[in-house]
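A short write-up of the structure that comes next.
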Amino acid sequence: MDRAQSPSQIPASSSKYHKPYFTPEEVDTLSGQHQLRGPQEDKVRQKACSFLEALGARIGFPRRTTATAQSLYHRFHLFFPRKDFNYHDVALASAYVSTKMHDTLKKPRELLAVSYALRYPDLVAKSKNPAGEVDVDTMDPTMVERDRQRLLAVERLILETICFNFTSKMAFPYVIKIGRAIGAEKKLAKLAWRLAVDSHRTLVPIEYPPVTVALASLYVASLLLSLETSSPLHQESQVQRAQEIRTLLSEHGDWEKKFQTHVEDLDGIAHIVLDLLIYATTTPSANTSPTTPSSPSPHPSPRNHHLSSGHSMNEPLPYNADQLTRLKIHLRELDHKPRHRQSHPSDQSADDTSLMGKNEGSVRFLFAPPGFAKAV
């Protein structure tokens with residue numbers, strides 16, 4: 001049976017609205033449509049995120065560029081099945097769009113050159129480049145052009161998934177600001193930063209606003225620090241303060257209204273992040289939970305030193321899978337009932353993705369549902 005639409009069935013025009021965040025129910029619906037569940041899907045997702053980490057560190061991207069690329073990768077596969085795309089192509093296109101969003105632009109050939117060095121180490125050994133990069137001019141031009149065209153084709157699809165909205169808000173500055181507001185010690189704030197970095201390996205940043213992600217990172221950091229029962233005398237006050245923050249953020253209070261978030265959301269994010277850390281402890285090659293970022297560039301900017309993708313040292317988190325599992329069980333006994341999140345009546349449903357990536361009719365891309373933004 002021919003499933004192609006006849007000219008009379010193709011809508012003359014339609015509108016698509018940008019959704020900065022999806023409810024967990026919407027994510028489940030979209031993931032179920034494209035069969036994005038299961039350990040194999042999680043493994044591919046972590047491979048893509050590790051690839052973007054390595055790409056960002058090699059080029060010297062600031063942390064915001066790498067984190068946004070990871071979120072764009074996750075968003076893309078809510079609309080397009082993973083089996084139809086090579087994760088390297090989608091990851092590279094996500095990085096390309098992210099460089100435009102954060103004004104750290106690199107040409108497709110530059111991204112491809114670095115990706116070849118990561119994917120094909122034997123080419124680096126043959127390269128005469130003193131920096132250890134692959135010279136694409138010495139490679140098969142047909143292959144390079146084919147890869148470039150695929151990158152640009154996926155870029156167009158990514159732009160449609162974000163409705164050409166190039167705004168992006170990160171949780172990282174809120175970790176510092178909120179940490180100061182609630183009296184977090186430096187050790188807790190550093191750990192929360194690392195967890196905020198790790199959260200971009202999950203769907204959390206496309207499900208919750210950055211303030212909620214930042215609070216959840218501080219909450220999980222306080223949970224992890226409370227596991228440290230034997231600490232040096234000078235660090236006992238830090239652990240005690242972490243326990244106080246853990247108690248504060250685990251209960252309803254005035255802080256919810258102040259930061260416009262809900263304790264139920266922190267519980268949900270905490271379980272997701274702990275699952276990621278458990279995966280990392282049982283799969284060391286996952287390269288999850290990096291150290292606090294610092295610049296890998298030979299000439300780093302002192303002003304942006306703390307925003308870079310690189311890692312100053314390869315120091316894993318000092319927690320094992322048993323500790324993290326017990327912590328999850330403890331949270332299950334204490335956590336709150338999941339909160340139902342209401343979607344805007346004009347928000348896109350899963351059925352609205354039928355024309356995405358197709359040249360059928362005219363489409364108006366809007367930054368938000370009617371009454372919130374103007375059309376692009």
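Residues are named by chain letter and number: chains run A, B, ... in the order of the structure tokens, numbers start at 1 in each chain, and ligands are numbered from 1 in the order shown.
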
What are the closest atom pairs, with distances in Å to one decimal, for all residues of segment 16-118 of chain A lying within 10 Å of segment 139-145 of chain A? Consider only C-alpha atoms, order rows by chain and residue number, and present the result as CSV.
```
residue,atom,partner,partner_atom,distance
A:Arg109,CA,A:Val144,CA,8.0
A:Leu112,CA,A:Val144,CA,7.9
A:Ala113,CA,A:Val144,CA,9.1
A:Tyr116,CA,A:Val144,CA,9.9
```

Just C-alpha atoms for this one: save the residues we selected as a CSV table (one decimal), in the first residue's frame.
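Just written: again_23.csv:
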```csv
chain,number,residue,atom,x,y,z
A,109,ARG,CA,35.7,19.9,7.8
A,112,LEU,CA,35.5,15.9,10.7
A,113,ALA,CA,39.3,16.1,10.9
A,116,TYR,CA,38.7,11.0,12.2
```

Neighbouring residues of Val263 of chain A were defined as those with any atom within 12 Å, considering only C-alpha atoms; residues of the same chain fewer than 3 positions away were excluded. Please report them as a PyMOL selection string. chain A and resi 212-213+215-216+219+246-257+259-260+266-270+334-339

Shell around segment 161-175 of chain A at 6 Å using only C-alpha atoms, local window under 3 positions removed, as a VMD selection string: chain A and resid 18 101 158 178 to 179 210 214 365

Check segment 22-249 of chain A with DSSP on the backbone and list each residue it calls helix (DSSP H, G or I), as JSON, numbers by chain. {"A": [24, 25, 26, 27, 28, 29, 30, 31, 32, 33, 39, 40, 41, 42, 43, 44, 45, 46, 47, 48, 49, 50, 51, 52, 53, 54, 55, 56, 57, 58, 59, 63, 64, 65, 66, 67, 68, 69, 70, 71, 72, 73, 74, 75, 76, 77, 78, 79, 82, 83, 84, 87, 88, 89, 90, 91, 92, 93, 94, 95, 96, 97, 98, 99, 100, 101, 108, 109, 110, 111, 112, 113, 114, 115, 116, 117, 118, 119, 121, 122, 123, 124, 125, 126, 136, 137, 138, 141, 142, 143, 144, 145, 146, 147, 148, 149, 150, 151, 152, 153, 154, 155, 156, 157, 158, 159, 160, 161, 172, 173, 174, 175, 176, 177, 178, 179, 180, 181, 186, 187, 188, 189, 190, 191, 192, 193, 194, 195, 196, 197, 198, 199, 204, 205, 206, 210, 211, 212, 213, 214, 215, 216, 217, 218, 219, 220, 221, 222, 223, 224, 225, 233, 234, 235, 236, 237, 238, 239, 240, 241, 242, 243, 244, 245, 246, 247, 248, 249]}

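Distance check against Ile272 of chain A using only C-alpha atoms: of A:Arg241, A:His200, A:Arg326, A:Lys83, the minimum falls on A:His200.
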
One decimal place gives the atom CA of Leu30 of chain A-atom CA of Ser98 of chain A separation as 22.9 Å

Identify, on the basis of only C-alpha atoms, every residue whose closest approach to Ala184 of chain A does not exceed 10 Å; exclude the query and any residue fewer than 4 positions from it along the same chain; express the result as number ranges by chain. A: 175-180, 188-190, 192, 218, 222, 238, 241-242, 244-245

Store the residues of this selection in a file with N, CA, C and O atoms, as a PDB file, in the first residue's frame.
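Output contents, as saved in out_13.pdb:
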```
ATOM      1  N   VAL A 175      24.408  26.474  39.628  1.00  0.00           N
ATOM      2  CA  VAL A 175      25.031  25.660  40.671  1.00  0.00           C
ATOM      3  C   VAL A 175      25.834  26.551  41.614  1.00  0.00           C
ATOM      4  O   VAL A 175      25.754  26.413  42.843  1.00  0.00           O
ATOM      5  N   ILE A 176      26.592  27.475  41.034  1.00  0.00           N
ATOM      6  CA  ILE A 176      27.421  28.375  41.852  1.00  0.00           C
ATOM      7  C   ILE A 176      26.552  29.352  42.634  1.00  0.00           C
ATOM      8  O   ILE A 176      26.720  29.529  43.854  1.00  0.00           O
ATOM      9  N   LYS A 177      25.584  29.991  41.946  1.00  0.00           N
ATOM     10  CA  LYS A 177      24.755  31.013  42.598  1.00  0.00           C
ATOM     11  C   LYS A 177      23.881  30.423  43.697  1.00  0.00           C
ATOM     12  O   LYS A 177      23.794  30.965  44.805  1.00  0.00           O
ATOM     13  N   ILE A 178      23.216  29.305  43.391  1.00  0.00           N
ATOM     14  CA  ILE A 178      22.340  28.697  44.393  1.00  0.00           C
ATOM     15  C   ILE A 178      23.169  28.085  45.513  1.00  0.00           C
ATOM     16  O   ILE A 178      22.769  28.124  46.685  1.00  0.00           O
ATOM     17  N   GLY A 179      24.338  27.519  45.160  1.00  0.00           N
ATOM     18  CA  GLY A 179      25.215  26.981  46.188  1.00  0.00           C
ATOM     19  C   GLY A 179      25.588  28.040  47.218  1.00  0.00           C
ATOM     20  O   GLY A 179      25.580  27.786  48.426  1.00  0.00           O
ATOM     21  N   ARG A 180      25.900  29.234  46.744  1.00  0.00           N
ATOM     22  CA  ARG A 180      26.210  30.325  47.673  1.00  0.00           C
ATOM     23  C   ARG A 180      24.991  30.707  48.500  1.00  0.00           C
ATOM     24  O   ARG A 180      25.088  30.984  49.708  1.00  0.00           O
ATOM     25  N   LEU A 188      31.313  20.672  48.167  1.00  0.00           N
ATOM     26  CA  LEU A 188      29.990  20.277  47.694  1.00  0.00           C
ATOM     27  C   LEU A 188      29.675  20.941  46.362  1.00  0.00           C
ATOM     28  O   LEU A 188      29.119  20.310  45.450  1.00  0.00           O
ATOM     29  N   ALA A 189      30.035  22.220  46.226  1.00  0.00           N
ATOM     30  CA  ALA A 189      29.762  22.940  44.981  1.00  0.00           C
ATOM     31  C   ALA A 189      30.539  22.330  43.815  1.00  0.00           C
ATOM     32  O   ALA A 189      30.012  22.210  42.698  1.00  0.00           O
ATOM     33  N   LYS A 190      31.785  21.925  44.056  1.00  0.00           N
ATOM     34  CA  LYS A 190      32.586  21.293  42.992  1.00  0.00           C
ATOM     35  C   LYS A 190      31.986  19.965  42.562  1.00  0.00           C
ATOM     36  O   LYS A 190      31.911  19.652  41.366  1.00  0.00           O
ATOM     37  N   ALA A 192      28.830  19.125  42.882  1.00  0.00           N
ATOM     38  CA  ALA A 192      27.564  19.445  42.202  1.00  0.00           C
ATOM     39  C   ALA A 192      27.823  19.864  40.762  1.00  0.00           C
ATOM     40  O   ALA A 192      27.054  19.526  39.851  1.00  0.00           O
ATOM     41  N   LEU A 218      23.067  19.836  43.409  1.00  0.00           N
ATOM     42  CA  LEU A 218      23.472  20.136  44.785  1.00  0.00           C
ATOM     43  C   LEU A 218      22.899  19.111  45.757  1.00  0.00           C
ATOM     44  O   LEU A 218      23.563  18.699  46.714  1.00  0.00           O
ATOM     45  N   SER A 222      25.061  16.509  48.015  1.00  0.00           N
ATOM     46  CA  SER A 222      24.929  16.417  49.479  1.00  0.00           C
ATOM     47  C   SER A 222      24.657  14.982  49.911  1.00  0.00           C
ATOM     48  O   SER A 222      25.125  14.538  50.969  1.00  0.00           O
ATOM     49  N   GLN A 238      32.287  20.384  56.733  1.00  0.00           N
ATOM     50  CA  GLN A 238      31.767  20.316  55.373  1.00  0.00           C
ATOM     51  C   GLN A 238      30.720  19.219  55.244  1.00  0.00           C
ATOM     52  O   GLN A 238      29.675  19.410  54.622  1.00  0.00           O
ATOM     53  N   ARG A 241      27.567  20.262  57.002  1.00  0.00           N
ATOM     54  CA  ARG A 241      26.807  21.222  56.203  1.00  0.00           C
ATOM     55  C   ARG A 241      26.117  20.519  55.032  1.00  0.00           C
ATOM     56  O   ARG A 241      24.987  20.852  54.681  1.00  0.00           O
ATOM     57  N   ALA A 242      26.784  19.528  54.449  1.00  0.00           N
ATOM     58  CA  ALA A 242      26.171  18.761  53.368  1.00  0.00           C
ATOM     59  C   ALA A 242      24.929  18.037  53.863  1.00  0.00           C
ATOM     60  O   ALA A 242      23.914  17.976  53.160  1.00  0.00           O
ATOM     61  N   GLU A 244      23.011  19.029  56.281  1.00  0.00           N
ATOM     62  CA  GLU A 244      21.975  20.048  56.486  1.00  0.00           C
ATOM     63  C   GLU A 244      21.303  20.412  55.164  1.00  0.00           C
ATOM     64  O   GLU A 244      20.077  20.588  55.100  1.00  0.00           O
ATOM     65  N   ILE A 245      22.100  20.530  54.090  1.00  0.00           N
ATOM     66  CA  ILE A 245      21.541  20.844  52.768  1.00  0.00           C
ATOM     67  C   ILE A 245      20.712  19.665  52.265  1.00  0.00           C
ATOM     68  O   ILE A 245      19.645  19.858  51.663  1.00  0.00           O
TER      69      ILE A 245
END
```

Considering only C-alpha atoms, can you say which of A:Ala91, A:Leu274, A:Leu331, A:Leu324 comes closest to Leu55 of chain A?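 Of the candidates, the smallest distance to Leu55 of chain A is held by A:Ala91.
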
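When only C-alpha atoms are used to compute distances to Leu225 of chain A, the closest of the residues A:Thr325, A:Val154, A:Ile182, A:Tyr319 turns out to be A:Tyr319.
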